[in-house]
Structure formats: structure tokens, C-alpha cells
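Enquirer: Sending over entry.cif (mmCIF, C-alpha atoms).
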```
data_start
#
loop_
_atom_site.label_atom_id
_atom_site.label_comp_id
_atom_site.auth_asym_id
_atom_site.auth_seq_id
_atom_site.Cartn_x
_atom_site.Cartn_y
_atom_site.Cartn_z
CA MET F 57 125.73 175.84 95.76
CA ALA F 58 126.59 172.18 95.38
CA THR F 59 123.85 169.66 95.96
CA GLU F 60 124.35 167.77 99.22
CA THR F 61 124.99 164.09 98.73
CA ASN F 62 122.87 161.61 100.69
CA ASN F 63 125.41 159.10 101.93
CA HIS F 64 122.64 156.84 103.18
CA ALA F 65 120.92 156.36 99.83
CA PRO F 66 121.14 152.79 98.45
CA PRO F 67 123.27 152.30 95.33
CA HIS F 68 121.35 152.47 92.07
CA ASP F 69 122.06 148.82 91.31
CA ALA F 70 120.89 147.53 94.72
CA ASP F 71 118.43 144.65 94.37
CA PRO F 72 115.23 145.46 96.27
CA ASN F 73 114.47 141.74 96.53
CA GLU F 74 117.70 141.16 98.46
CA ALA F 75 116.83 144.00 100.82
CA ALA F 76 113.32 142.63 101.31
CA LEU F 77 114.69 139.15 101.97
CA ALA F 78 117.06 140.46 104.64
CA LYS F 79 114.10 142.15 106.34
CA ALA F 80 111.95 139.02 106.01
CA ILE F 81 114.58 136.84 107.66
CA ARG F 82 114.69 139.33 110.53
CA GLY F 83 110.95 138.87 111.02
CA ASP F 84 109.43 141.58 108.82
CA ARG F 85 106.17 139.93 107.73
CA ALA F 86 105.30 142.68 105.23
CA ALA F 87 108.61 142.16 103.44
CA LEU F 88 108.01 138.41 103.26
CA VAL F 89 104.51 138.91 101.88
CA GLN F 90 105.96 141.26 99.26
CA LEU F 91 108.44 138.60 98.16
CA LEU F 92 105.81 135.86 97.99
CA GLU F 93 103.41 138.05 96.03
CA GLY F 94 106.18 138.74 93.53
CA LEU F 95 106.81 135.03 93.04
CA ALA F 96 103.15 134.03 92.89
CA PRO F 97 102.24 134.60 89.21
CA ALA F 98 105.08 132.54 87.71
CA LEU F 99 104.80 129.90 90.43
CA ARG F 100 101.04 129.55 89.91
CA ILE F 101 101.56 128.91 86.19
CA ARG F 102 104.32 126.39 86.93
CA LEU F 103 102.20 124.48 89.42
CA ASP F 104 99.09 124.54 87.31
CA SER F 105 100.96 122.87 84.47
CA LYS F 106 101.89 119.98 86.79
CA VAL F 107 98.42 119.15 88.09
CA PRO F 108 97.08 116.00 86.39
CA ALA F 109 93.92 116.60 84.41
CA THR F 110 92.10 113.94 86.45
CA LEU F 111 92.74 115.84 89.71
CA ARG F 112 92.02 119.41 88.66
CA THR F 113 88.75 119.47 90.61
CA THR F 114 90.59 118.36 93.75
CA VAL F 115 94.04 119.97 93.55
CA GLU F 116 94.45 123.57 92.41
CA ALA F 117 97.53 125.73 92.13
CA ASP F 118 96.06 128.31 94.51
CA ASP F 119 95.63 125.58 97.14
CA VAL F 120 99.30 124.73 96.79
CA LEU F 121 100.29 128.38 97.11
CA GLN F 122 98.22 128.87 100.27
CA VAL F 123 99.82 125.94 102.06
CA THR F 124 103.26 126.87 100.74
CA TYR F 125 102.91 130.35 102.20
CA ILE F 126 102.02 128.87 105.60
CA GLU F 127 105.14 126.73 105.49
CA VAL F 128 107.42 129.53 104.29
CA VAL F 129 106.13 131.97 106.91
CA GLY F 130 106.68 129.36 109.62
CA ARG F 131 110.20 128.48 108.51
CA ILE F 132 111.65 131.69 107.07
CA GLY F 133 113.90 132.02 110.10
CA GLN F 134 115.67 128.82 109.02
CA PHE F 135 116.60 130.24 105.62
CA LYS F 136 120.13 131.56 105.95
CA THR F 137 122.02 131.51 102.65
CA GLY F 138 121.63 131.74 98.89
CA GLY F 139 120.21 135.22 98.62
CA TYR F 140 117.07 135.94 96.67
CA SER F 141 117.77 133.32 94.00
CA GLY F 142 118.19 130.72 96.73
CA PHE F 143 114.99 131.89 98.39
CA ARG F 144 113.08 131.60 95.12
CA ALA F 145 114.44 128.07 94.58
CA TRP F 146 113.48 127.13 98.13
CA VAL F 147 109.92 128.40 97.73
CA ASN F 148 109.63 126.50 94.46
CA ARG F 149 110.78 123.29 96.17
CA VAL F 150 108.33 123.74 99.03
CA ALA F 151 105.50 124.34 96.56
CA GLU F 152 106.37 121.34 94.40
CA ASN F 153 106.66 119.10 97.46
CA ASN F 154 103.21 120.27 98.56
CA LEU F 155 101.85 119.56 95.12
CA LEU F 156 103.32 116.04 95.12
CA ASP F 157 101.82 115.39 98.56
CA ALA F 158 98.42 116.58 97.39
CA ILE F 159 98.56 114.40 94.28
CA ARG F 160 99.62 111.32 96.26
CA ALA F 161 96.98 111.88 98.94
CA ALA F 162 94.19 112.56 96.44
CA THR F 163 95.10 109.40 94.56
CA ALA F 164 95.36 107.34 97.74
CA ALA F 165 92.01 108.66 98.95
CA LYS F 166 90.39 106.61 96.20
CA ARG F 167 91.82 103.45 97.78
CA PRO F 168 92.43 104.30 101.46
CA ASP F 169 94.75 102.18 103.58
CA PRO F 170 93.11 101.62 107.00
CA ALA F 171 96.54 101.21 108.60
CA LYS F 172 97.33 104.86 107.77
CA ARG F 173 94.23 106.20 109.52
CA ALA F 174 94.71 106.95 113.19
CA HIS F 175 91.08 107.09 114.25
CA SER F 176 89.70 104.21 116.28
CA PRO F 177 86.15 103.92 117.65
CA ARG F 178 87.47 102.65 121.01
CA ASN F 179 88.69 105.79 122.75
CA ALA F 180 90.71 108.97 122.30
CA ASP F 181 93.85 107.44 123.78
CA ASP F 182 93.76 104.64 121.22
CA SER F 183 93.44 107.16 118.38
CA ALA F 184 96.34 109.26 119.67
CA ALA F 185 98.53 106.18 120.24
CA THR F 186 97.74 104.91 116.76
CA LEU F 187 98.72 108.25 115.21
CA ILE F 188 102.01 108.15 117.12
CA ASP F 189 102.54 104.63 115.78
CA VAL F 190 101.83 105.82 112.22
CA LEU F 191 104.27 108.71 112.57
CA ALA F 192 106.93 106.45 114.04
CA GLY F 193 106.49 103.92 111.27
CA ASP F 194 106.87 106.58 108.61
CA SER F 195 110.14 107.71 110.20
CA LYS F 196 111.63 104.22 110.69
CA ALA F 197 111.40 104.64 114.45
CA THR F 198 109.24 102.92 117.03
CA PRO F 199 106.96 104.45 119.66
CA SER F 200 108.66 104.56 123.05
CA ARG F 201 107.06 102.90 126.05
CA PHE F 202 106.24 106.38 127.31
CA VAL F 203 103.22 106.58 125.01
CA ALA F 204 102.14 103.00 125.61
CA ARG F 205 101.10 103.55 129.23
CA GLY F 206 97.84 105.37 128.73
CA GLU F 207 99.52 108.74 128.22
CA ALA F 208 99.11 109.08 124.46
CA VAL F 209 96.43 111.78 124.62
CA MET F 210 98.49 114.02 126.90
CA ALA F 211 101.58 113.45 124.77
CA MET F 212 99.68 114.29 121.60
CA GLU F 213 98.13 117.41 123.12
CA ARG F 214 101.54 118.71 124.14
CA MET F 215 102.88 118.21 120.65
CA LEU F 216 99.83 119.66 118.89
CA ALA F 217 100.26 122.80 120.98
CA THR F 218 103.60 123.39 119.23
CA LEU F 219 102.08 123.38 115.74
CA PRO F 220 100.51 126.20 113.72
CA GLY F 221 96.76 126.34 114.23
CA ASP F 222 95.72 124.90 110.86
CA TYR F 223 98.14 121.99 111.23
CA ALA F 224 96.83 121.08 114.68
CA LYS F 225 93.22 121.40 113.55
CA VAL F 226 93.56 119.11 110.54
CA ILE F 227 95.14 116.42 112.73
CA ARG F 228 92.39 116.75 115.35
CA LEU F 229 89.59 116.54 112.78
CA TYR F 230 90.96 114.07 110.26
CA ASP F 231 93.37 111.82 112.15
CA LEU F 232 92.00 111.83 115.67
CA ALA F 233 88.26 112.42 115.22
CA GLY F 234 88.09 110.42 111.99
CA HIS F 235 86.05 112.89 109.93
CA ALA F 236 85.98 112.46 106.16
CA VAL F 237 88.24 114.79 104.22
CA GLU F 238 85.19 116.52 102.72
CA GLU F 239 83.87 117.28 106.21
CA VAL F 240 87.25 118.59 107.33
CA ALA F 241 87.49 120.77 104.23
CA LYS F 242 84.05 122.26 104.94
CA GLU F 243 84.87 122.86 108.60
CA MET F 244 88.15 124.58 107.78
CA GLY F 245 86.88 126.49 104.76
CA ARG F 246 89.42 124.94 102.41
CA SER F 247 89.44 122.57 99.46
CA THR F 248 90.10 118.85 99.90
CA GLY F 249 93.39 119.33 98.09
CA ALA F 250 94.48 121.92 100.65
CA ILE F 251 93.51 119.56 103.48
CA PHE F 252 95.71 116.81 102.03
CA MET F 253 98.67 119.21 101.89
CA LEU F 254 98.05 120.62 105.35
CA ARG F 255 97.90 117.10 106.77
CA ALA F 256 101.18 116.09 105.10
CA ARG F 257 102.96 119.18 106.43
CA ALA F 258 101.34 118.72 109.85
CA HIS F 259 102.62 115.16 110.02
CA ASP F 260 106.12 116.35 109.05
CA ARG F 261 106.15 118.99 111.78
CA LEU F 262 104.65 116.67 114.38
CA ARG F 263 107.16 113.94 113.55
CA GLU F 264 110.02 116.43 113.86
CA ALA F 265 108.77 117.68 117.22
CA MET F 266 108.26 114.23 118.62
CA GLY F 267 111.58 112.95 117.30
CA ASP F 268 113.40 115.88 118.87
CA GLU F 269 111.86 115.10 122.22
CA GLY F 270 113.34 111.60 122.18
CA GLN F 271 110.85 110.34 124.76
CA TYR F 272 108.27 109.64 122.08
CA PHE F 273 110.32 107.69 119.53
CA SER F 274 113.04 105.11 119.96
CA ARG F 275 115.52 104.75 117.11
CA PRO F 276 116.83 101.34 116.07
CA GLY F 277 119.95 100.61 118.06
CA GLY F 278 119.27 103.62 120.33
#
```
What would you get if you wrote out this structure as C-alpha cells?

Expert:
Amino acid sequence: MATETNNHAPPHDADPNEAALAKAIRGDRAALVQLLEGLAPALRIRLDSKVPATLRTTVEADDVLQVTYIEVVGRIGQFKTGGYSGFRAWVNRVAENNLLDAIRAATAAKRPDPAKRAHSPRNADDSAATLIDVLAGDSKATPSRFVARGEAVMAMERMLATLPGDYAKVIRLYDLAGHAVEEVAKEMGRSTGAIFMLRARAHDRLREAMGDEGQYFSRPGG
């Protein structure tokens, strides 16, 4: 008797990574974790080789990987093309951008620029308005009059509600409450290097959200 053929079996040369990526894009968290775990060993070595010797106690490859995973999980739905090789390249870029942010922030922390710190001892609305001003300045936009009429706190709260929890928390503690990075790291159970990366990504996401709303930023000539 002839053996029955399973017409649903995948071809022998099918790439399991491609199949896992398709599932991950559709929202399968386990498939995404599987992909990231597969990339982790080589990526950790690559990142570790790029950390300056003077910052190794502040910035570690594992910190970069943790924040990279948060970003990838939050944005996997935006990844559409390139297959597994494109996905791997994208994850590498996200990780290296995080590493660069951590290095810049750790270096700048030794000579902080008061203009880049949102916290003000006056009141919460001042701190929120100053953060909006910082974000606008970094994006070559200007704060709209909407946030200059005593509504900065409400505006900021609405935008923070759209962010992942760790992103919102680092902004609340570091930018708005004015805690030292070491205090924020202790509160959040992370290294100072991870806090620098989380803050950079949080600012990116907050700036995107506020720019999309239009009512928060005014573009030159707009």
C-alpha cells in the first residue's frame, strides 16, 4: 500500500525564520521572541565590541538588547518587506541606534546642559511645557499656542498615555519630576545605560505622537 502524501507539509527547503517572521508580523508574540532569541548571541557580541572601554560600567550590551526588544515588539507591525534578512538588518539598526543614544547620553551626563532638562521647581505645568519646548526644538518645530495657555500638563498626560509603560515612566521620573538618572534606574530596576536609551526612545515616540496631532507643534511656514 502506497504511503499517503501529506499535501500540507512544508517543503524541505522552507526557511523556518521566514515562517516565524510572518507569524510575528501577524501578532504572534512567541514567534517574535523566538526570532529575537535567535539573533541575540551574535548581536550581543557585535554590540559589546562597540561599547567604549570608559563606559563599560554604564552601558552594557544586554541593556541595549532589552531596550531594542521593547522597540521591536512595539513596532513589528510596521515591518512589511525584506523578509528575514531585512528583519535582521532592521533589528541591528535599532540596536546600534540605541547604543549610540546610550553612549551620547552617558557622555553628556558628565556635562549636563540645563536647557535639555525639562524639570522646573516652579510647578508641574512649567515642567510639562518645558519638555514640550525641548521636544519641539529637537524636531525643528515650535510649540503651538495650545500648550502655552496653562494646558501643558493635560496635553502631556494625554500623550504619555499613548506610550509603552516604561517610556512614560522614565519621562515622568527623569524629565518631569527631575530625579537623577541613578534614582530613576533604581526605581525602575534598570541600569543607568538602559534609562538613557529608554528616555531617547520615549522622546522619539512622544515627539512623533505630538507631531501627528498637529495641535501641539507648529511647523515653520505652516

Enquirer: Please evaluate the PyMOL selection byres ((chain F and resi 221-228) around 9) against the structure above and give the resulting residues as a list in words.

Expert: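 For this structure, the PyMOL selection byres ((chain F and resi 221-228) around 9) resolves to Met215, Leu216, Ala217, Thr218, Leu219, Pro220, Leu229, Tyr230, Asp231, Leu232, Ala233, Gly234, Val240, Ala241, Met244, Ile251, Leu254, Arg255, Arg257, Ala258, His259, Arg261 and Leu262 of chain F.
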
Enquirer: Give me, please, the distance in Å between CA of Met266 in chain F and CA of Arg131 in chain F, quoted to one decimal.

Expert: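 Going from CA of Met266 in chain F over to CA of Arg131 in chain F, I get 17.6 Å.
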
Enquirer: In Å, how far is it from CA of Ile159 in chain F to CA of Leu111 in chain F?

Expert: 7.5 Å

Enquirer: Could you please determine the separation between CA of Lys242 in chain F and CA of Ala164 in chain F in Å, to one decimal place?

Expert: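 Interatomic distance, CA of Lys242 in chain F to CA of Ala164 in chain F: 20.1 Å.
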
Enquirer: Taking 4 positions as the minimum chain separation for residues in the same chain, which residues sit within 12 Å of Val150 in chain F when counting all atoms listed in the file? Answer as a PyMOL selection string.

Expert: chain F and resi 99+103+120-129+131-132+143-146+154-157+253+257

Enquirer: Return the single residue from F:Arg112, F:Ala265, F:Asn148, F:Glu238 that is closest to Leu92 in chain F, with distances computed using only C-alpha atoms.

Expert: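 Checking each candidate against Leu92 in chain F, we get F:Asn148 as the closest.
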